[in-house]
Amino acid sequence: MPLDKPYLDVPGTIIFDAEQSRKGYWLNQFCMSLMQAANRARFKADERAYLDQWPMTEEQKQAVLARDLNWCMRTGGNIYFLAKIGATDGKSFQQMAGSMTGMSEQEYRDMMIKGGRSIQGNRYLGEDGDAQPQRQPQGKR
Amino acid sequence: MPLDKPYLDVPGTIIFDAEQSRKGYWLNQFCMSLMQAANRARFKADERAYLDQWPMTEEQKQAVLARDLNWCMRTGGNIYFLAKIGATDGKSFQQMAGSMTGMSEQEYRDMMIKGGRSIQGNRYLGEDGDAQPQRQPQGKR
Amino acid sequence: MAKITASVYTSHVPAIGVAIDQKKTQEDYWKPVFAGYDCSKQWLQENPPDVIFLVYNDHATAFSLDLIPTFAIGTGAQFRPADEGWGPRPVPVVKGHPELAAHIAQSVIQQDFDLTLVNKMEVDHGLTVPLSLLCGERDPLQGAWPCPVIPFAVNVVQYPAPSGRRCFALGQAIRKAVESYDEHLNVHIWGTGGMSHQLQGARAGLINREWDKAWLDQMIADPAACAARPHIDYVREAGSEGIELVMWLIARGAMPDIVDGKVQGPAPVVKHRFYHVPASNTAVGHLILEPA
Amino acid sequence: MAKITASVYTSHVPAIGVAIDQKKTQEDYWKPVFAGYDCSKQWLQENPPDVIFLVYNDHATAFSLDLIPTFAIGTGAQFRPADEGWGPRPVPVVKGHPELAAHIAQSVIQQDFDLTLVNKMEVDHGLTVPLSLLCGERDPLQGAWPCPVIPFAVNVVQYPAPSGRRCFALGQAIRKAVESYDEHLNVHIWGTGGMSHQLQGARAGLINREWDKAWLDQMIADPAACAARPHIDYVREAGSEGIELVMWLIARGAMPDIVDGKVQGPAPVVKHRFYHVPASNTAVGHLILEPA
Ligand SMILES: [Fe+3]
Ligand SMILES: [Fe+3]
């Protein structure tokens, strides 16, 4: 894709563009299916069997089973779709977002109450903010 | 609807705008259902019973049962939707279009072979072309 | 003739809906958020609209990857609250205004905006949370929203969203459309989403208070310059989901000080301005503007 | 870099598809219609595109009244021929070009066209009849269309369709998008539908030969003026379904003589021009233009 992608040098951030969308098509469509209570029940009853009904890659299935949202995103997932998995698990958006940082739930919540993550050092890849690759995972654990 | 509707003075012509679309919503959605062979079979087996599953007006149902496409259009039908009824009946687009003129199939076909209906007198309501209200229905029958 | 008499701007954080639905609005964490909307509720009661034109984005709810409209206008008679995975929110069905919606659609398409008309869709927290914030709790069955709502969904899920400039121009087209409607109607236009937030990856939780405040200042006073900002500014400075703010520019463009894309009248009156961090992952911004 | 090397224009009458599928092309009624495409088939073989960008309208097939996009671009990998009520046409599945389609979508949205992206849809006679006319019969299972096709659907079913001017501007945006694609690809753009026809009411069967010919002359030589014609001209002069002709202006706008909305280069070369009445209810028009 030769179009300009000025968003590739933002640390810790994957922009959901056409390329990601193509890659994640079935993963995201699987997520959409969890908007029906009956499907959520079927998924909970046997996650693997439910996933196997979708033409997702094995890696996408593993990422879902592991509830590793960063991994899901690398395989083309988008957070608004993936949120349906979290909802099925009874998780809040804050729990989901926090789970991608390596921080504990309490650490992430405290960071937000203190005003959220600072933009300092987190604008461009190569700076030294807490979202930069060299500082992952975050948190004390 | 206070928007300009410059198309209201064209004889023998209903433009499918938002107002018509609202009026014909369920009639047209019923027509869409005939794009599935199973639904066509159910409709053919008992037309009235099939129509009664849709929240159409009684007049719309009567218009469909009568296969009166002009009547269908007055109740909000659009020809591209109504064509699915014709298709279910095994009719061609030419048969459907011709059926709205009062001409016999042969008369309409002959008119088309001779170059179609003339625009003369058929641009504005009040002229004297063959599509004007005062000259309906057409055909020798 | 119909008229746009106010524009309202607010974040539409899903957790705010959860807090309302689970009666947590008086908890310490949530109190300051809802306090910021107390005078807005009062204002809405004193300035009741006949119709709300509500700009929001669908969060992978009504639109899957099968079909993604850039701009979708709800022309249907009603829109049910969607089940986003937690079950539908316990709020009333949203009644539309098919006649005005169809009128706006026709006018705006003829002004070269390529809308998608939607007669059937469910609406998610992007639309219902702002209604809850300004209208308060409403019983899902016995209750009702105070007036009809025309949902207007903007794609900000799959890149590229429409540009700020495009959204700003659209607001102007919507005002022209509303003002050409014969019936006397008092119309509010709401822009929702934002402000700074990021819901993904190692940068999740990003908040940029200074940027948000400067953006608000500029949007009020120099909206054409604000509309000229490229997407990457939002992503870099306000987080990947901060891009939702382009929707505020649709409402701002519909204010009567804007003529031919420029400020040509007195700035609108700021009836209320509120900013709070955090609500869940998000910086909450809220603004009420009335024509001068 | 990719390049638009030709534009093709043709009616897409459903009865033509039926005549092909039922092997009636050599009957007296149909012979002159298909004869008009003989040299086009030859031309296509001698000038094979890598991709066809095919502008057509959906005839209440993929899009019901639930959702009506003004402009929808097919970004999926394949598109099945639809069952329009007679059963699906026995023609091959249409393979898309997701990469180029997504590239064009992104570029054109950034040029302020508010597209709807569609990954899943079935295609009707509006798309498959032009392919059959220029590619000939193809076995639905063993056969294939000669190259990938990007479907581009324009709303002309529910009024208002996009204006001729909007369509003409869109064509220019599509050319810019194609020319910014890195891979070397030879792209044809096809505009389909029309010419004069009316399928409804007492005026059904209307044909306006003089108007059609004058319109073709003007579209070739003075496309900006042609694009300025209001919808009502088409309805009044070319029948209610004659409005489909606005789609031809998208293909015409993509020719390189058009810069900033005006003719600024030598007119394209007319490789072939054909006009015949009738095919079923319709005046068949067909044109092949190559950049000068
Ligand atoms: Fe949002
Ligand atoms: Fe057509």
# chains A, B, ... in the order shown; residues from 1 in each chain; ligands from 1

call {"tool": "residues_near_ligand", "arguments": {"ligand": "ligand 1", "cutoff": "12 Å", "atoms": "only C-alpha atoms and all ligand atoms", "output": "MDAnalysis selection string"}}
result
(chainID A and resid 79:80 93) or (chainID C and resid 10:16 55:61 124:130 153:157 191:199 240:247 281:284)

call {"tool": "residues_around", "arguments": {"residues": "region 112-119 of chain A", "least_positions_apart": "6", "cutoff": "10 Å", "atoms": "only C-alpha atoms", "output": "number ranges by chain"}}
result
A: 94, 98, 106, 129-131; C: 29, 196-198, 203-211, 236-239, 276-283

call {"tool": "write_last_selection", "arguments": {"atoms": "N, CA, C and O atoms", "output": "short mmCIF file (atom, residue, chain, number, x, y, z; two decimals), in the first residue's frame"}}
result
data_model
loop_
_atom_site.label_atom_id
_atom_site.label_comp_id
_atom_site.auth_asym_id
_atom_site.auth_seq_id
_atom_site.Cartn_x
_atom_site.Cartn_y
_atom_site.Cartn_z
N GLN A 94 -12.16 -0.19 30.85
CA GLN A 94 -10.93 0.18 31.55
C GLN A 94 -10.07 -1.06 31.82
O GLN A 94 -8.85 -1.03 31.65
N GLY A 98 -6.42 -1.41 30.16
CA GLY A 98 -5.31 -1.61 31.08
C GLY A 98 -4.56 -2.90 30.80
O GLY A 98 -3.32 -2.97 30.94
N GLN A 106 -5.21 -2.15 39.31
CA GLN A 106 -5.12 -1.06 40.28
C GLN A 106 -4.13 0.00 39.80
O GLN A 106 -4.41 1.20 39.87
N GLY A 129 9.21 8.00 26.59
CA GLY A 129 8.00 7.92 27.42
C GLY A 129 7.69 6.48 27.84
O GLY A 129 8.29 5.53 27.33
N ASP A 130 6.72 6.36 28.74
CA ASP A 130 6.42 5.03 29.30
C ASP A 130 5.73 4.09 28.32
O ASP A 130 5.60 2.90 28.61
N ALA A 131 5.28 4.62 27.18
CA ALA A 131 4.62 3.75 26.20
C ALA A 131 5.58 3.26 25.12
O ALA A 131 5.18 2.56 24.19
N TYR C 29 -16.10 8.42 42.67
CA TYR C 29 -15.44 8.43 41.37
C TYR C 29 -16.29 9.15 40.33
O TYR C 29 -15.76 9.90 39.50
N SER C 196 -9.47 13.55 24.55
CA SER C 196 -8.31 12.68 24.40
C SER C 196 -8.56 11.33 25.06
O SER C 196 -9.04 11.25 26.19
N HIS C 197 -8.28 10.27 24.35
CA HIS C 197 -8.26 8.93 24.93
C HIS C 197 -7.66 7.94 23.95
O HIS C 197 -7.71 8.14 22.73
N GLN C 198 -7.08 6.91 24.52
CA GLN C 198 -6.55 5.81 23.71
C GLN C 198 -6.90 4.52 24.41
O GLN C 198 -6.61 4.34 25.61
N ARG C 203 0.16 2.45 24.83
CA ARG C 203 -0.12 3.86 25.09
C ARG C 203 -1.53 4.06 25.66
O ARG C 203 -1.99 5.20 25.81
N ALA C 204 -2.24 2.95 25.93
CA ALA C 204 -3.60 3.05 26.48
C ALA C 204 -3.59 3.95 27.70
O ALA C 204 -2.65 3.92 28.49
N GLY C 205 -4.63 4.74 27.85
CA GLY C 205 -4.74 5.61 29.02
C GLY C 205 -4.19 7.01 28.77
O GLY C 205 -4.23 7.86 29.66
N LEU C 206 -3.73 7.26 27.56
CA LEU C 206 -3.19 8.59 27.27
C LEU C 206 -4.26 9.67 27.44
O LEU C 206 -5.38 9.53 26.98
N ILE C 207 -3.87 10.73 28.12
CA ILE C 207 -4.74 11.91 28.27
C ILE C 207 -3.85 13.13 28.01
O ILE C 207 -2.71 13.19 28.47
N ASN C 208 -4.37 14.08 27.27
CA ASN C 208 -3.58 15.28 26.99
C ASN C 208 -4.43 16.53 27.29
O ASN C 208 -5.06 17.11 26.41
N ARG C 209 -4.42 16.86 28.56
CA ARG C 209 -5.25 17.94 29.08
C ARG C 209 -4.98 19.28 28.37
O ARG C 209 -5.91 19.98 27.97
N GLU C 210 -3.71 19.62 28.20
CA GLU C 210 -3.37 20.91 27.60
C GLU C 210 -3.88 20.96 26.15
O GLU C 210 -4.43 21.96 25.70
N TRP C 211 -3.65 19.87 25.45
CA TRP C 211 -4.08 19.82 24.05
C TRP C 211 -5.60 19.93 23.95
O TRP C 211 -6.13 20.69 23.13
N ARG C 236 -1.62 11.53 17.35
CA ARG C 236 -0.38 11.71 18.08
C ARG C 236 -0.61 12.41 19.42
O ARG C 236 -0.07 12.02 20.44
N GLU C 237 -1.45 13.43 19.42
CA GLU C 237 -1.59 14.28 20.62
C GLU C 237 -2.74 13.85 21.53
O GLU C 237 -2.67 14.09 22.73
N ALA C 238 -3.78 13.29 20.95
CA ALA C 238 -4.99 13.03 21.74
C ALA C 238 -5.33 11.54 21.82
O ALA C 238 -6.40 11.17 22.31
N GLY C 239 -4.42 10.68 21.33
CA GLY C 239 -4.65 9.24 21.41
C GLY C 239 -5.42 8.73 20.21
O GLY C 239 -6.09 9.49 19.51
N HIS C 276 -13.24 17.23 32.55
CA HIS C 276 -12.90 16.40 33.71
C HIS C 276 -12.11 15.17 33.26
O HIS C 276 -12.43 14.55 32.25
N VAL C 277 -11.09 14.83 34.06
CA VAL C 277 -10.34 13.60 33.87
C VAL C 277 -10.36 12.84 35.19
O VAL C 277 -10.13 13.44 36.24
N PRO C 278 -10.59 11.54 35.18
CA PRO C 278 -10.96 10.70 34.05
C PRO C 278 -12.39 10.22 34.17
O PRO C 278 -12.98 10.29 35.24
N ALA C 279 -12.93 9.69 33.08
CA ALA C 279 -14.07 8.79 33.15
C ALA C 279 -13.58 7.53 32.44
O ALA C 279 -13.38 7.54 31.23
N SER C 280 -13.33 6.51 33.26
CA SER C 280 -12.75 5.29 32.70
C SER C 280 -11.42 5.66 32.02
O SER C 280 -10.52 6.16 32.72
N ASN C 281 -11.28 5.51 30.70
CA ASN C 281 -10.01 5.80 30.02
C ASN C 281 -9.97 7.20 29.41
O ASN C 281 -9.03 7.49 28.68
N THR C 282 -10.96 8.01 29.68
CA THR C 282 -11.21 9.13 28.78
C THR C 282 -11.26 10.47 29.50
O THR C 282 -11.70 10.57 30.64
N ALA C 283 -10.83 11.51 28.77
CA ALA C 283 -11.02 12.88 29.23
C ALA C 283 -12.40 13.34 28.77
O ALA C 283 -12.68 13.34 27.57
#

call {"tool": "closest_residue", "arguments": {"among": "C:Gly253, C:Pro291, C:Gly85, C:Pro69", "to": "Phe81 (chain A)", "atoms": "only C-alpha atoms"}}
result
C:Gly85

call {"tool": "residues_around", "arguments": {"residues": "Glu137 (chain C)", "least_positions_apart": "6", "cutoff": "10 Å", "atoms": "only C-alpha atoms", "output": "VMD selection string"}}
result
chain C and resid 20 to 21 23 90 to 92 131 143 to 145

call {"tool": "write_last_selection", "arguments": {"atoms": "all heavy atoms", "output": "PDB file, in the first residue's frame"}}
result
ATOM      1  N   ILE C  20     -24.588   5.100  35.130  1.00  0.00           N
ATOM      2  CA  ILE C  20     -25.999   5.506  35.242  1.00  0.00           C
ATOM      3  C   ILE C  20     -26.883   4.277  35.450  1.00  0.00           C
ATOM      4  O   ILE C  20     -27.697   4.219  36.361  1.00  0.00           O
ATOM      5  CB  ILE C  20     -26.463   6.273  33.982  1.00  0.00           C
ATOM      6  CG1 ILE C  20     -25.672   7.582  33.843  1.00  0.00           C
ATOM      7  CG2 ILE C  20     -27.967   6.548  34.033  1.00  0.00           C
ATOM      8  CD1 ILE C  20     -25.915   8.315  32.530  1.00  0.00           C
ATOM      9  N   ASP C  21     -26.685   3.286  34.590  1.00  0.00           N
ATOM     10  CA  ASP C  21     -27.568   2.117  34.611  1.00  0.00           C
ATOM     11  C   ASP C  21     -27.429   1.338  35.915  1.00  0.00           C
ATOM     12  O   ASP C  21     -28.368   0.686  36.359  1.00  0.00           O
ATOM     13  CB  ASP C  21     -27.272   1.208  33.416  1.00  0.00           C
ATOM     14  CG  ASP C  21     -27.450   1.940  32.089  1.00  0.00           C
ATOM     15  OD1 ASP C  21     -28.122   2.996  32.081  1.00  0.00           O
ATOM     16  OD2 ASP C  21     -26.897   1.476  31.069  1.00  0.00           O
ATOM     17  N   LYS C  23     -26.699   2.773  38.827  1.00  0.00           N
ATOM     18  CA  LYS C  23     -26.973   3.711  39.924  1.00  0.00           C
ATOM     19  C   LYS C  23     -25.712   4.074  40.703  1.00  0.00           C
ATOM     20  O   LYS C  23     -25.723   4.099  41.938  1.00  0.00           O
ATOM     21  CB  LYS C  23     -28.008   3.116  40.907  1.00  0.00           C
ATOM     22  CG  LYS C  23     -29.111   2.304  40.262  1.00  0.00           C
ATOM     23  CD  LYS C  23     -30.258   3.189  39.834  1.00  0.00           C
ATOM     24  CE  LYS C  23     -31.367   2.337  39.183  1.00  0.00           C
ATOM     25  NZ  LYS C  23     -32.195   3.102  38.266  1.00  0.00           N
ATOM     26  N   PRO C  90     -30.592  -0.292  29.508  1.00  0.00           N
ATOM     27  CA  PRO C  90     -32.007  -0.155  29.885  1.00  0.00           C
ATOM     28  C   PRO C  90     -32.493   1.280  29.702  1.00  0.00           C
ATOM     29  O   PRO C  90     -32.715   2.004  30.662  1.00  0.00           O
ATOM     30  CB  PRO C  90     -32.021  -0.570  31.358  1.00  0.00           C
ATOM     31  CG  PRO C  90     -30.648  -0.211  31.861  1.00  0.00           C
ATOM     32  CD  PRO C  90     -29.714  -0.372  30.685  1.00  0.00           C
ATOM     33  N   VAL C  91     -32.603   1.689  28.457  1.00  0.00           N
ATOM     34  CA  VAL C  91     -33.057   3.044  28.137  1.00  0.00           C
ATOM     35  C   VAL C  91     -34.140   2.945  27.071  1.00  0.00           C
ATOM     36  O   VAL C  91     -34.258   1.926  26.384  1.00  0.00           O
ATOM     37  CB  VAL C  91     -31.895   3.931  27.621  1.00  0.00           C
ATOM     38  CG1 VAL C  91     -30.887   4.207  28.740  1.00  0.00           C
ATOM     39  CG2 VAL C  91     -31.203   3.293  26.425  1.00  0.00           C
ATOM     40  N   PRO C  92     -34.935   4.009  26.902  1.00  0.00           N
ATOM     41  CA  PRO C  92     -36.043   3.936  25.940  1.00  0.00           C
ATOM     42  C   PRO C  92     -35.547   3.791  24.493  1.00  0.00           C
ATOM     43  O   PRO C  92     -34.421   4.168  24.162  1.00  0.00           O
ATOM     44  CB  PRO C  92     -36.749   5.294  26.111  1.00  0.00           C
ATOM     45  CG  PRO C  92     -36.332   5.798  27.451  1.00  0.00           C
ATOM     46  CD  PRO C  92     -34.958   5.276  27.674  1.00  0.00           C
ATOM     47  N   LEU C 131     -27.529  11.170  25.418  1.00  0.00           N
ATOM     48  CA  LEU C 131     -28.932  11.389  25.783  1.00  0.00           C
ATOM     49  C   LEU C 131     -29.128  11.207  27.283  1.00  0.00           C
ATOM     50  O   LEU C 131     -29.780  12.020  27.941  1.00  0.00           O
ATOM     51  CB  LEU C 131     -29.841  10.427  25.011  1.00  0.00           C
ATOM     52  CG  LEU C 131     -30.067  10.731  23.530  1.00  0.00           C
ATOM     53  CD1 LEU C 131     -30.876   9.614  22.866  1.00  0.00           C
ATOM     54  CD2 LEU C 131     -30.774  12.079  23.340  1.00  0.00           C
ATOM     55  N   GLY C 143     -40.858   5.168  30.183  1.00  0.00           N
ATOM     56  CA  GLY C 143     -40.282   6.471  29.866  1.00  0.00           C
ATOM     57  C   GLY C 143     -40.064   6.686  28.381  1.00  0.00           C
ATOM     58  O   GLY C 143     -40.359   5.822  27.550  1.00  0.00           O
ATOM     59  N   ALA C 144     -39.572   7.853  28.049  1.00  0.00           N
ATOM     60  CA  ALA C 144     -39.258   8.164  26.651  1.00  0.00           C
ATOM     61  C   ALA C 144     -38.225   9.281  26.646  1.00  0.00           C
ATOM     62  O   ALA C 144     -38.097  10.024  27.631  1.00  0.00           O
ATOM     63  CB  ALA C 144     -40.508   8.603  25.907  1.00  0.00           C
ATOM     64  N   TRP C 145     -37.485   9.415  25.571  1.00  0.00           N
ATOM     65  CA  TRP C 145     -36.610  10.573  25.424  1.00  0.00           C
ATOM     66  C   TRP C 145     -37.480  11.799  25.167  1.00  0.00           C
ATOM     67  O   TRP C 145     -38.607  11.669  24.671  1.00  0.00           O
ATOM     68  CB  TRP C 145     -35.608  10.345  24.277  1.00  0.00           C
ATOM     69  CG  TRP C 145     -34.732   9.147  24.525  1.00  0.00           C
ATOM     70  CD1 TRP C 145     -34.728   7.981  23.832  1.00  0.00           C
ATOM     71  CD2 TRP C 145     -33.760   8.991  25.561  1.00  0.00           C
ATOM     72  NE1 TRP C 145     -33.819   7.094  24.359  1.00  0.00           N
ATOM     73  CE2 TRP C 145     -33.209   7.697  25.439  1.00  0.00           C
ATOM     74  CE3 TRP C 145     -33.303   9.805  26.612  1.00  0.00           C
ATOM     75  CZ2 TRP C 145     -32.218   7.199  26.291  1.00  0.00           C
ATOM     76  CZ3 TRP C 145     -32.312   9.314  27.467  1.00  0.00           C
ATOM     77  CH2 TRP C 145     -31.787   8.033  27.299  1.00  0.00           C
TER      78      TRP C 145
END

call {"tool": "atom_distance", "arguments": {"atom1": "CA of Ser92 (chain A)", "atom2": "CA of Trp71 (chain A)"}}
result
18.9 Å

call {"tool": "interface_residues", "arguments": {"of": "chain A", "to": "chain D", "cutoff": "12 Å", "atoms": "only C-alpha atoms", "output": "JSON, numbers by chain"}}
result
{"A": [1, 2, 3, 4, 5, 17, 18, 19, 20, 21, 22, 23, 25, 26, 29]}

call {"tool": "closest_residue", "arguments": {"among": "D:Val178, D:Val263, D:Ile68, D:Val18", "to": "chain C", "atoms": "only C-alpha atoms"}}
result
D:Ile68
